[in-house]
Amino acid sequence: AQSVTQLGSHVSVSEGALVLLRCNYSSSVPPYLFWYVQYPNQGLQLLLKYTSAATLVKGINGFEAEFKKSETSFHLTKPSAHMSDAAEYFCAVTIRDDKIIFGKGTRLHILP
Amino acid sequence: DAGVIQSPRHEVTEMGQEVTLRCKPISGHDYLFWYRQTMMRGLELLIYFNNNVPIDDSGMPEDRFSAKMPNASFSTLKIQPSEPRDSAVYFCASSRPGGLNTEAFFGQGTRLTVV
């Protein structure tokens, strides 16, 4: 069965600094990978997804993620954090014709 | 499209009462998911439907939980009887034809408090 592990339930970065949120996956077959963002009192919305095309995936709001098969990772990055990036971020995995499994989430705090 | 619509947004009920959560997926989407989110357990998939048929309900915690999808535009999640440990935010999500690797669109959730 597939799974995802997000390292760090809370991450704090200064405004303007690099954002790095870590996600490792486990899957017996090539996976589809996603990053979702959840703002307070809202549902999740898609940031970006990897579906076996380019390994570097660009998403909304300046975020991007790189699929590294050798490291079974799909870390999310953004060069310069903005206060509006404060939210909870979820990594998710699915394989063909199977359910979507979410990680526990990482809450991103932006320090002024 | 208005997106996935869930009702009610907030529900407070007493232990032992029946609770029904409602979801209207995006028109044309043929997958519907019910998730539960808590601080302790994160986001858990409870059940999902494809073309109104339940495909996997292995995440449903107990027989007190049941879900139905009588047609393509409506689904319910029922808890009977409710217990304080059922307090959580329940999300409904839907996705379009193309399989589960397509984007899931989430509703705003129902915050359930059982006292």
# chains A, B, ... in the order shown; residues from 1 in each chain; ligands from 1
call {"tool": "interface_residues", "arguments": {"of": "chain B", "to": "chain A", "cutoff": "12 Å", "atoms": "only C-alpha atoms", "output": "PyMOL selection string"}}
result
chain B and resi 3-6+9-10+31-50+55-59+89-95+97-111
call {"tool": "select_by_dssp", "arguments": {"residues": "chain B", "states": "strand (DSSP E)", "output": "ChimeraX atom specification"}}
result
/B:5-7,10-13,19-24,31-38,42-50,53-56,65-71,74-79,88-95,105-106,110-114
call {"tool": "closest_residue", "arguments": {"among": "A:Ser3, A:Ser73, A:Ser52, A:Ser9", "to": "Tyr89 of chain A", "atoms": "only C-alpha atoms"}}
result
A:Ser9
call {"tool": "residues_around", "arguments": {"residues": "Ile79 of chain B", "least_positions_apart": "2", "cutoff": "9 Å", "atoms": "only C-alpha atoms", "output": "NGL selection string"}}
result
:B and (17-21 or 63-67 or 77 or 81-83 or 86)
call {"tool": "atom_distance", "arguments": {"atom1": "atom CA of Ile110 of chain A", "atom2": "atom CA of Leu7 of chain A"}}
result
17.6 Å
call {"tool": "closest_residue", "arguments": {"among": "A:Leu111, A:Val37, A:Val4, A:Ile60", "to": "His82 of chain A", "atoms": "only C-alpha atoms"}}
result
A:Leu111
call {"tool": "residues_around", "arguments": {"residues": "Glu64 of chain A", "least_positions_apart": "6", "cutoff": "10 Å", "atoms": "only C-alpha atoms", "output": "list in words"}}
result
Leu20, Trp35, Leu47, Leu48, Lys49, Leu56, Val57, Lys58, Phe74, His75, Leu76, Thr77, Lys78 and Pro79 of chain A
call {"tool": "write_last_selection", "arguments": {"atoms": "all heavy atoms", "output": "CSV table (one decimal), in the first residue's frame"}}
result
chain,number,residue,atom,x,y,z
A,20,LEU,N,10.9,25.2,2.6
A,20,LEU,CA,11.2,23.8,2.2
A,20,LEU,C,10.3,23.0,3.1
A,20,LEU,O,10.5,22.9,4.3
A,20,LEU,CB,12.6,23.5,2.4
A,20,LEU,CG,13.0,22.0,2.2
A,20,LEU,CD1,12.6,21.5,0.8
A,20,LEU,CD2,14.4,21.7,2.5
A,35,TRP,N,0.6,18.1,-3.9
A,35,TRP,CA,0.6,19.0,-2.7
A,35,TRP,C,-0.7,19.8,-2.7
A,35,TRP,O,-1.0,20.4,-3.7
A,35,TRP,CB,1.8,20.0,-2.8
A,35,TRP,CG,3.1,19.4,-2.2
A,35,TRP,CD1,4.1,18.8,-2.9
A,35,TRP,CD2,3.5,19.2,-0.8
A,35,TRP,NE1,5.1,18.4,-2.1
A,35,TRP,CE2,4.8,18.6,-0.8
A,35,TRP,CE3,2.9,19.6,0.4
A,35,TRP,CZ2,5.4,18.4,0.4
A,35,TRP,CZ3,3.6,19.4,1.5
A,35,TRP,CH2,4.8,18.8,1.5
A,47,LEU,N,-2.2,22.6,-4.9
A,47,LEU,CA,-1.1,23.5,-5.3
A,47,LEU,C,-0.4,23.1,-6.5
A,47,LEU,O,-0.1,23.9,-7.4
A,47,LEU,CB,0.0,23.5,-4.1
A,47,LEU,CG,0.0,24.5,-3.0
A,47,LEU,CD1,1.2,24.2,-2.1
A,47,LEU,CD2,0.1,25.9,-3.6
A,48,LEU,N,-0.1,21.8,-6.6
A,48,LEU,CA,0.6,21.2,-7.8
A,48,LEU,C,0.4,19.7,-7.8
A,48,LEU,O,0.1,19.1,-6.7
A,48,LEU,CB,2.0,21.6,-7.8
A,48,LEU,CG,2.9,21.4,-6.6
A,48,LEU,CD1,3.4,20.0,-6.5
A,48,LEU,CD2,4.1,22.4,-6.6
A,49,LYS,N,0.8,19.0,-8.9
A,49,LYS,CA,0.7,17.6,-8.9
A,49,LYS,C,1.8,17.1,-9.9
A,49,LYS,O,2.1,17.7,-10.9
A,49,LYS,CB,-0.7,17.1,-9.4
A,49,LYS,CG,-1.1,17.5,-10.8
A,49,LYS,CD,-2.5,17.0,-11.1
A,49,LYS,CE,-3.0,17.5,-12.5
A,49,LYS,NZ,-4.4,17.0,-12.7
A,56,LEU,N,10.2,18.2,-12.3
A,56,LEU,CA,10.1,19.5,-11.6
A,56,LEU,C,8.7,20.1,-12.0
A,56,LEU,O,8.4,20.4,-13.1
A,56,LEU,CB,11.2,20.5,-12.0
A,56,LEU,CG,11.2,21.8,-11.3
A,56,LEU,CD1,11.4,21.6,-9.8
A,56,LEU,CD2,12.2,22.7,-11.8
A,57,VAL,N,7.9,20.2,-11.0
A,57,VAL,CA,6.5,20.6,-11.2
A,57,VAL,C,6.3,22.0,-10.6
A,57,VAL,O,6.7,22.2,-9.4
A,57,VAL,CB,5.5,19.7,-10.5
A,57,VAL,CG1,4.1,20.1,-10.8
A,57,VAL,CG2,5.8,18.2,-11.0
A,58,LYS,N,5.7,22.9,-11.4
A,58,LYS,CA,5.5,24.2,-10.9
A,58,LYS,C,4.0,24.4,-10.6
A,58,LYS,O,3.1,23.9,-11.3
A,58,LYS,CB,5.9,25.3,-11.9
A,58,LYS,CG,7.4,25.3,-12.2
A,58,LYS,CD,7.8,26.5,-13.1
A,58,LYS,CE,9.3,26.5,-13.3
A,58,LYS,NZ,10.1,26.6,-12.1
A,74,PHE,N,9.3,14.1,-2.6
A,74,PHE,CA,8.6,15.1,-3.4
A,74,PHE,C,8.5,16.4,-2.6
A,74,PHE,O,7.4,16.8,-2.1
A,74,PHE,CB,7.2,14.6,-3.8
A,74,PHE,CG,6.4,15.4,-4.8
A,74,PHE,CD1,7.0,15.6,-6.0
A,74,PHE,CD2,5.1,15.8,-4.5
A,74,PHE,CE1,6.2,16.4,-7.0
A,74,PHE,CE2,4.4,16.5,-5.4
A,74,PHE,CZ,5.0,16.8,-6.7
A,75,HIS,N,9.6,17.0,-2.3
A,75,HIS,CA,9.6,18.2,-1.4
A,75,HIS,C,9.1,19.4,-2.1
A,75,HIS,O,9.3,19.6,-3.3
A,75,HIS,CB,11.1,18.4,-1.0
A,75,HIS,CG,11.7,17.3,-0.2
A,75,HIS,ND1,11.0,16.4,0.5
A,75,HIS,CD2,13.0,16.9,-0.2
A,75,HIS,CE1,11.8,15.5,1.0
A,75,HIS,NE2,13.0,15.8,0.6
A,76,LEU,N,8.4,20.2,-1.3
A,76,LEU,CA,7.8,21.5,-1.8
A,76,LEU,C,8.7,22.7,-1.4
A,76,LEU,O,9.2,22.7,-0.3
A,76,LEU,CB,6.4,21.7,-1.2
A,76,LEU,CG,5.6,22.9,-1.6
A,76,LEU,CD1,5.1,22.7,-3.0
A,76,LEU,CD2,4.4,23.1,-0.6
A,77,THR,N,8.9,23.5,-2.4
A,77,THR,CA,9.8,24.7,-2.1
A,77,THR,C,9.2,26.0,-2.7
A,77,THR,O,8.3,25.9,-3.6
A,77,THR,CB,11.2,24.5,-2.8
A,77,THR,OG1,11.1,24.4,-4.2
A,77,THR,CG2,11.9,23.3,-2.2
A,78,LYS,N,9.6,27.1,-2.1
A,78,LYS,CA,9.3,28.4,-2.6
A,78,LYS,C,10.5,29.3,-2.3
A,78,LYS,O,10.9,29.3,-1.1
A,78,LYS,CB,8.0,28.9,-2.0
A,78,LYS,CG,7.6,30.3,-2.6
A,78,LYS,CD,6.3,30.8,-2.1
A,78,LYS,CE,5.9,32.2,-2.6
A,78,LYS,NZ,4.6,32.6,-2.2
A,79,PRO,N,11.0,30.0,-3.3
A,79,PRO,CA,12.3,30.8,-3.0
A,79,PRO,C,12.1,31.8,-1.9
A,79,PRO,O,13.1,32.1,-1.2
A,79,PRO,CB,12.6,31.4,-4.4
A,79,PRO,CG,11.8,30.6,-5.4
A,79,PRO,CD,10.6,30.1,-4.7
call {"tool": "residues_around", "arguments": {"residues": "Glu71 of chain A", "least_positions_apart": "4", "cutoff": "12 Å", "atoms": "only C-alpha atoms", "output": "MDAnalysis selection string"}}
result
chainID A and resid 22:26 66:67 75
call {"tool": "closest_residue", "arguments": {"among": "B:Gly16, B:Pro8, B:Pro84, B:Pro25", "to": "Met69 of chain B", "atoms": "only C-alpha atoms"}}
result
B:Pro25
call {"tool": "residues_around", "arguments": {"residues": "His109 of chain A", "least_positions_apart": "3", "cutoff": "12 Å", "atoms": "only C-alpha atoms", "output": "list in words"}}
result
Ser9, His10, Val11, Ser12, Val13, Ser14, Glu15, Ala17, Val19, Leu20, Leu21, Tyr39, Ala81, His82, Met83, Ser84, Asp85, Ala86, Ala87, Glu88, Tyr89, Thr106 and Pro112 of chain A
call {"tool": "decode", "arguments": {"residues": "segment 44-76 of chain B", "atoms": "N, CA, C and O atoms", "output": "PDB file, in the first residue's frame"}}
result
ATOM      1  N   GLU B  44      -8.172  11.673   7.246  1.00  0.00           N
ATOM      2  CA  GLU B  44      -8.418  10.260   7.012  1.00  0.00           C
ATOM      3  C   GLU B  44      -9.512  10.092   5.956  1.00  0.00           C
ATOM      4  O   GLU B  44     -10.563  10.717   6.057  1.00  0.00           O
ATOM      5  N   LEU B  45      -9.266   9.200   5.017  1.00  0.00           N
ATOM      6  CA  LEU B  45     -10.297   8.871   4.034  1.00  0.00           C
ATOM      7  C   LEU B  45     -11.260   7.883   4.664  1.00  0.00           C
ATOM      8  O   LEU B  45     -10.854   6.818   5.120  1.00  0.00           O
ATOM      9  N   LEU B  46     -12.530   8.240   4.684  1.00  0.00           N
ATOM     10  CA  LEU B  46     -13.544   7.362   5.278  1.00  0.00           C
ATOM     11  C   LEU B  46     -14.125   6.406   4.237  1.00  0.00           C
ATOM     12  O   LEU B  46     -14.207   5.201   4.461  1.00  0.00           O
ATOM     13  N   ILE B  47     -14.529   6.968   3.100  1.00  0.00           N
ATOM     14  CA  ILE B  47     -15.186   6.186   2.069  1.00  0.00           C
ATOM     15  C   ILE B  47     -15.132   6.960   0.773  1.00  0.00           C
ATOM     16  O   ILE B  47     -15.039   8.189   0.787  1.00  0.00           O
ATOM     17  N   TYR B  48     -15.132   6.243  -0.365  1.00  0.00           N
ATOM     18  CA  TYR B  48     -15.304   6.954  -1.615  1.00  0.00           C
ATOM     19  C   TYR B  48     -16.199   6.192  -2.567  1.00  0.00           C
ATOM     20  O   TYR B  48     -16.321   4.969  -2.486  1.00  0.00           O
ATOM     21  N   PHE B  49     -16.838   6.952  -3.435  1.00  0.00           N
ATOM     22  CA  PHE B  49     -17.791   6.444  -4.413  1.00  0.00           C
ATOM     23  C   PHE B  49     -17.272   6.720  -5.830  1.00  0.00           C
ATOM     24  O   PHE B  49     -16.596   7.720  -6.069  1.00  0.00           O
ATOM     25  N   ASN B  50     -17.636   5.835  -6.730  1.00  0.00           N
ATOM     26  CA  ASN B  50     -17.425   6.072  -8.150  1.00  0.00           C
ATOM     27  C   ASN B  50     -18.745   5.797  -8.851  1.00  0.00           C
ATOM     28  O   ASN B  50     -19.309   4.701  -8.709  1.00  0.00           O
ATOM     29  N   ASN B  51     -19.234   6.796  -9.583  1.00  0.00           N
ATOM     30  CA  ASN B  51     -20.542   6.652 -10.238  1.00  0.00           C
ATOM     31  C   ASN B  51     -21.621   6.179  -9.258  1.00  0.00           C
ATOM     32  O   ASN B  51     -22.397   5.258  -9.559  1.00  0.00           O
ATOM     33  N   ASN B  52     -21.621   6.800  -8.094  1.00  0.00           N
ATOM     34  CA  ASN B  52     -22.631   6.580  -7.036  1.00  0.00           C
ATOM     35  C   ASN B  52     -22.472   5.252  -6.309  1.00  0.00           C
ATOM     36  O   ASN B  52     -23.280   4.947  -5.418  1.00  0.00           O
ATOM     37  N   VAL B  53     -21.502   4.463  -6.668  1.00  0.00           N
ATOM     38  CA  VAL B  53     -21.310   3.156  -6.040  1.00  0.00           C
ATOM     39  C   VAL B  53     -20.160   3.226  -5.040  1.00  0.00           C
ATOM     40  O   VAL B  53     -19.080   3.711  -5.393  1.00  0.00           O
ATOM     41  N   PRO B  54     -20.372   2.767  -3.804  1.00  0.00           N
ATOM     42  CA  PRO B  54     -19.262   2.777  -2.838  1.00  0.00           C
ATOM     43  C   PRO B  54     -18.167   1.811  -3.270  1.00  0.00           C
ATOM     44  O   PRO B  54     -18.444   0.638  -3.525  1.00  0.00           O
ATOM     45  N   ILE B  55     -16.940   2.312  -3.352  1.00  0.00           N
ATOM     46  CA  ILE B  55     -15.818   1.499  -3.826  1.00  0.00           C
ATOM     47  C   ILE B  55     -14.985   0.976  -2.650  1.00  0.00           C
ATOM     48  O   ILE B  55     -14.559  -0.166  -2.650  1.00  0.00           O
ATOM     49  N   ASP B  56     -14.746   1.837  -1.686  1.00  0.00           N
ATOM     50  CA  ASP B  56     -13.880   1.455  -0.572  1.00  0.00           C
ATOM     51  C   ASP B  56     -14.380   2.155   0.680  1.00  0.00           C
ATOM     52  O   ASP B  56     -14.324   3.376   0.767  1.00  0.00           O
ATOM     53  N   ASP B  57     -14.885   1.378   1.609  1.00  0.00           N
ATOM     54  CA  ASP B  57     -15.350   1.960   2.878  1.00  0.00           C
ATOM     55  C   ASP B  57     -14.503   1.480   4.040  1.00  0.00           C
ATOM     56  O   ASP B  57     -14.948   1.512   5.193  1.00  0.00           O
ATOM     57  N   SER B  58     -13.299   1.065   3.752  1.00  0.00           N
ATOM     58  CA  SER B  58     -12.444   0.505   4.807  1.00  0.00           C
ATOM     59  C   SER B  58     -12.036   1.536   5.851  1.00  0.00           C
ATOM     60  O   SER B  58     -11.613   1.183   6.941  1.00  0.00           O
ATOM     61  N   GLY B  59     -12.183   2.803   5.522  1.00  0.00           N
ATOM     62  CA  GLY B  59     -11.843   3.849   6.470  1.00  0.00           C
ATOM     63  C   GLY B  59     -12.969   4.238   7.407  1.00  0.00           C
ATOM     64  O   GLY B  59     -12.758   5.018   8.348  1.00  0.00           O
ATOM     65  N   MET B  60     -14.132   3.705   7.192  1.00  0.00           N
ATOM     66  CA  MET B  60     -15.272   4.015   8.072  1.00  0.00           C
ATOM     67  C   MET B  60     -14.978   3.393   9.429  1.00  0.00           C
ATOM     68  O   MET B  60     -14.789   2.175   9.540  1.00  0.00           O
ATOM     69  N   PRO B  61     -14.960   4.226  10.466  1.00  0.00           N
ATOM     70  CA  PRO B  61     -14.446   3.735  11.751  1.00  0.00           C
ATOM     71  C   PRO B  61     -15.310   2.657  12.407  1.00  0.00           C
ATOM     72  O   PRO B  61     -14.772   1.752  13.017  1.00  0.00           O
ATOM     73  N   GLU B  62     -16.599   2.768  12.317  1.00  0.00           N
ATOM     74  CA  GLU B  62     -17.472   1.820  13.014  1.00  0.00           C
ATOM     75  C   GLU B  62     -18.798   1.718  12.284  1.00  0.00           C
ATOM     76  O   GLU B  62     -19.087   2.492  11.369  1.00  0.00           O
ATOM     77  N   ASP B  63     -19.592   0.762  12.722  1.00  0.00           N
ATOM     78  CA  ASP B  63     -20.927   0.606  12.128  1.00  0.00           C
ATOM     79  C   ASP B  63     -21.823   1.791  12.414  1.00  0.00           C
ATOM     80  O   ASP B  63     -22.870   1.935  11.771  1.00  0.00           O
ATOM     81  N   ARG B  64     -21.426   2.644  13.313  1.00  0.00           N
ATOM     82  CA  ARG B  64     -22.232   3.835  13.591  1.00  0.00           C
ATOM     83  C   ARG B  64     -22.187   4.811  12.413  1.00  0.00           C
ATOM     84  O   ARG B  64     -23.025   5.690  12.301  1.00  0.00           O
ATOM     85  N   PHE B  65     -21.197   4.635  11.557  1.00  0.00           N
ATOM     86  CA  PHE B  65     -21.023   5.507  10.397  1.00  0.00           C
ATOM     87  C   PHE B  65     -21.596   4.819   9.162  1.00  0.00           C
ATOM     88  O   PHE B  65     -21.340   3.645   8.921  1.00  0.00           O
ATOM     89  N   SER B  66     -22.351   5.597   8.382  1.00  0.00           N
ATOM     90  CA  SER B  66     -22.836   5.080   7.108  1.00  0.00           C
ATOM     91  C   SER B  66     -22.855   6.218   6.096  1.00  0.00           C
ATOM     92  O   SER B  66     -23.016   7.380   6.464  1.00  0.00           O
ATOM     93  N   ALA B  67     -22.675   5.881   4.837  1.00  0.00           N
ATOM     94  CA  ALA B  67     -22.696   6.885   3.779  1.00  0.00           C
ATOM     95  C   ALA B  67     -23.505   6.361   2.610  1.00  0.00           C
ATOM     96  O   ALA B  67     -23.488   5.170   2.317  1.00  0.00           O
ATOM     97  N   LYS B  68     -24.185   7.294   1.965  1.00  0.00           N
ATOM     98  CA  LYS B  68     -24.991   6.937   0.802  1.00  0.00           C
ATOM     99  C   LYS B  68     -24.768   7.960  -0.303  1.00  0.00           C
ATOM    100  O   LYS B  68     -24.419   9.112  -0.042  1.00  0.00           O
ATOM    101  N   MET B  69     -25.015   7.519  -1.512  1.00  0.00           N
ATOM    102  CA  MET B  69     -24.985   8.431  -2.656  1.00  0.00           C
ATOM    103  C   MET B  69     -26.130   8.021  -3.568  1.00  0.00           C
ATOM    104  O   MET B  69     -25.944   7.217  -4.491  1.00  0.00           O
ATOM    105  N   PRO B  70     -27.315   8.527  -3.313  1.00  0.00           N
ATOM    106  CA  PRO B  70     -28.499   8.093  -4.061  1.00  0.00           C
ATOM    107  C   PRO B  70     -28.498   8.535  -5.521  1.00  0.00           C
ATOM    108  O   PRO B  70     -29.166   7.916  -6.350  1.00  0.00           O
ATOM    109  N   ASN B  71     -27.765   9.615  -5.813  1.00  0.00           N
ATOM    110  CA  ASN B  71     -27.658  10.066  -7.200  1.00  0.00           C
ATOM    111  C   ASN B  71     -26.351  10.831  -7.373  1.00  0.00           C
ATOM    112  O   ASN B  71     -25.613  11.040  -6.396  1.00  0.00           O
ATOM    113  N   ALA B  72     -26.079  11.242  -8.583  1.00  0.00           N
ATOM    114  CA  ALA B  72     -24.785  11.850  -8.902  1.00  0.00           C
ATOM    115  C   ALA B  72     -24.573  13.215  -8.263  1.00  0.00           C
ATOM    116  O   ALA B  72     -23.466  13.735  -8.273  1.00  0.00           O
ATOM    117  N   SER B  73     -25.618  13.805  -7.720  1.00  0.00           N
ATOM    118  CA  SER B  73     -25.495  15.163  -7.203  1.00  0.00           C
ATOM    119  C   SER B  73     -25.684  15.267  -5.696  1.00  0.00           C
ATOM    120  O   SER B  73     -25.808  16.372  -5.156  1.00  0.00           O
ATOM    121  N   PHE B  74     -25.674  14.142  -4.988  1.00  0.00           N
ATOM    122  CA  PHE B  74     -25.947  14.226  -3.564  1.00  0.00           C
ATOM    123  C   PHE B  74     -25.381  13.017  -2.822  1.00  0.00           C
ATOM    124  O   PHE B  74     -25.522  11.874  -3.266  1.00  0.00           O
ATOM    125  N   SER B  75     -24.787  13.314  -1.675  1.00  0.00           N
ATOM    126  CA  SER B  75     -24.295  12.249  -0.813  1.00  0.00           C
ATOM    127  C   SER B  75     -24.494  12.652   0.638  1.00  0.00           C
ATOM    128  O   SER B  75     -24.500  13.846   0.973  1.00  0.00           O
ATOM    129  N   THR B  76     -24.678  11.649   1.493  1.00  0.00           N
ATOM    130  CA  THR B  76     -24.804  11.893   2.926  1.00  0.00           C
ATOM    131  C   THR B  76     -23.856  11.002   3.701  1.00  0.00           C
ATOM    132  O   THR B  76     -23.539   9.891   3.284  1.00  0.00           O
TER     133      THR B  76
END
